[in-house]
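Okay, so here's the structure we're looking at.
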Amino acid sequence: MKLAFSTNAFKRYSLYDSIKEIAKIGYSGVEILCDTPHAYPPDFEDGKVNLLKETVASCGLQISNLNAFTFYAMGDVYHPSWIDDEYSRQARIQHTINCIRLAGKVGAKNLSTEPGGPLPASSDRRLLQRIFVEGLKAAAKVAEKEGIVLLVEPEPGLLIENSGQFKEIIDEVSSDWVKLNFDISHFYCVNEDPAKLVYELSDYIVHFHLADISNRVHNHLVPGRGEIDFKAVFSAMNDVGYSGFVTVELYPYQDNPVQVAREAYSHLCKIIESMR
């Protein structure tokens, strides 16, 4: 298991300064935000791609994941989504395809996306799920061609929010190029046990997101400030042989990202050391 930190907490920093600050703390990986103001594909020409690769390499880091979840460049956190009107759905699909191609350019192996989107007030869940699966299949064709894995990230309050719903759509997509971004805090918020789910979902897991949670309310906290038993989750990861990245995602802390990144790293390293 390797620790990374997401640049989505560093929106007030340039992408390159974000990477440098993350490396100084001791993280071995960095997750790149594929949205404004960092690496939104239509604005990320070859010169910026090359500078990103040079910066990551010079800092001794690896790219843990590309975060293609939010869409502020055209809307907000969730919109355009996979289950909005036809125009919005096509914008989301194209954005995901653009991010897949960017992943190939920068040397990333995977990227994460939203699990459908917020449900309309009056909706046919089965229809929306079918629409989502159709969109994923379209993106998966490009992912396979580029050799990049597309990761669905279940989230509370969205179309796919728990493990059962995830397994339904992953069976329907039926592609080796669509897997799971396991967000520990999200599963905890919907009253599931993340440690147990690591065993249950191990065949699908390619990457982890990590933040702490209090009272199962979806508000990302610095690890150690909430109640999640990370030692149990890490133990389960070891048991299933997971050796990839765990990316700390603390986007609510735009005012002090360096401080919280450092606090998170210290807390998690103590847990990891205690397990040796």
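Chain labels A, B, ... are given in the sequence in which chains occur in the structure tokens; within each chain residues are numbered consecutively from 1, and ligands are likewise numbered from 1 in the order shown.
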
Using only C-alpha atoms, find each residue in segment 147-180 of chain A having at least one atom no more than 8 Å away from segment 99-110 of chain A; report its shortest atom-to-atom pair and that distance in Å (one decimal), rows by chain then rising number, as a tab-separated table.
residue	atom	partner	partner_atom	distance
A:Gly147	CA	A:Lys109	CA	7.6
A:Ile148	CA	A:Lys109	CA	5.3
A:Val149	CA	A:Asn110	CA	4.6
A:Leu150	CA	A:Asn110	CA	5.9
A:Leu151	CA	A:Asn110	CA	7.0

Q | Residues near segment 39-56 of chain A, cut-off 9 Å, only C-alpha atoms, skip fewer than 3 positions along chain, as a PyMOL selection string | A | chain A and resi 15-16+19-20+23+29-30+32-36+59-63+68+73+95+98-99+101-102+105-107

Q: Please run DSSP on the backbone and report, as a count of residues only, all residues within segment 5-242 of chain A that come out as alpha helix (DSSP H).
A: 102

Q: Select, from A:Val240, A:Ile169, A:Ile97, A:Ile184, the residue with the minimum atom-to-atom distance to Ala143 of chain A, counting only C-alpha atoms.
A: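 Selected residue with least distance to Ala143 of chain A: A:Ile97.
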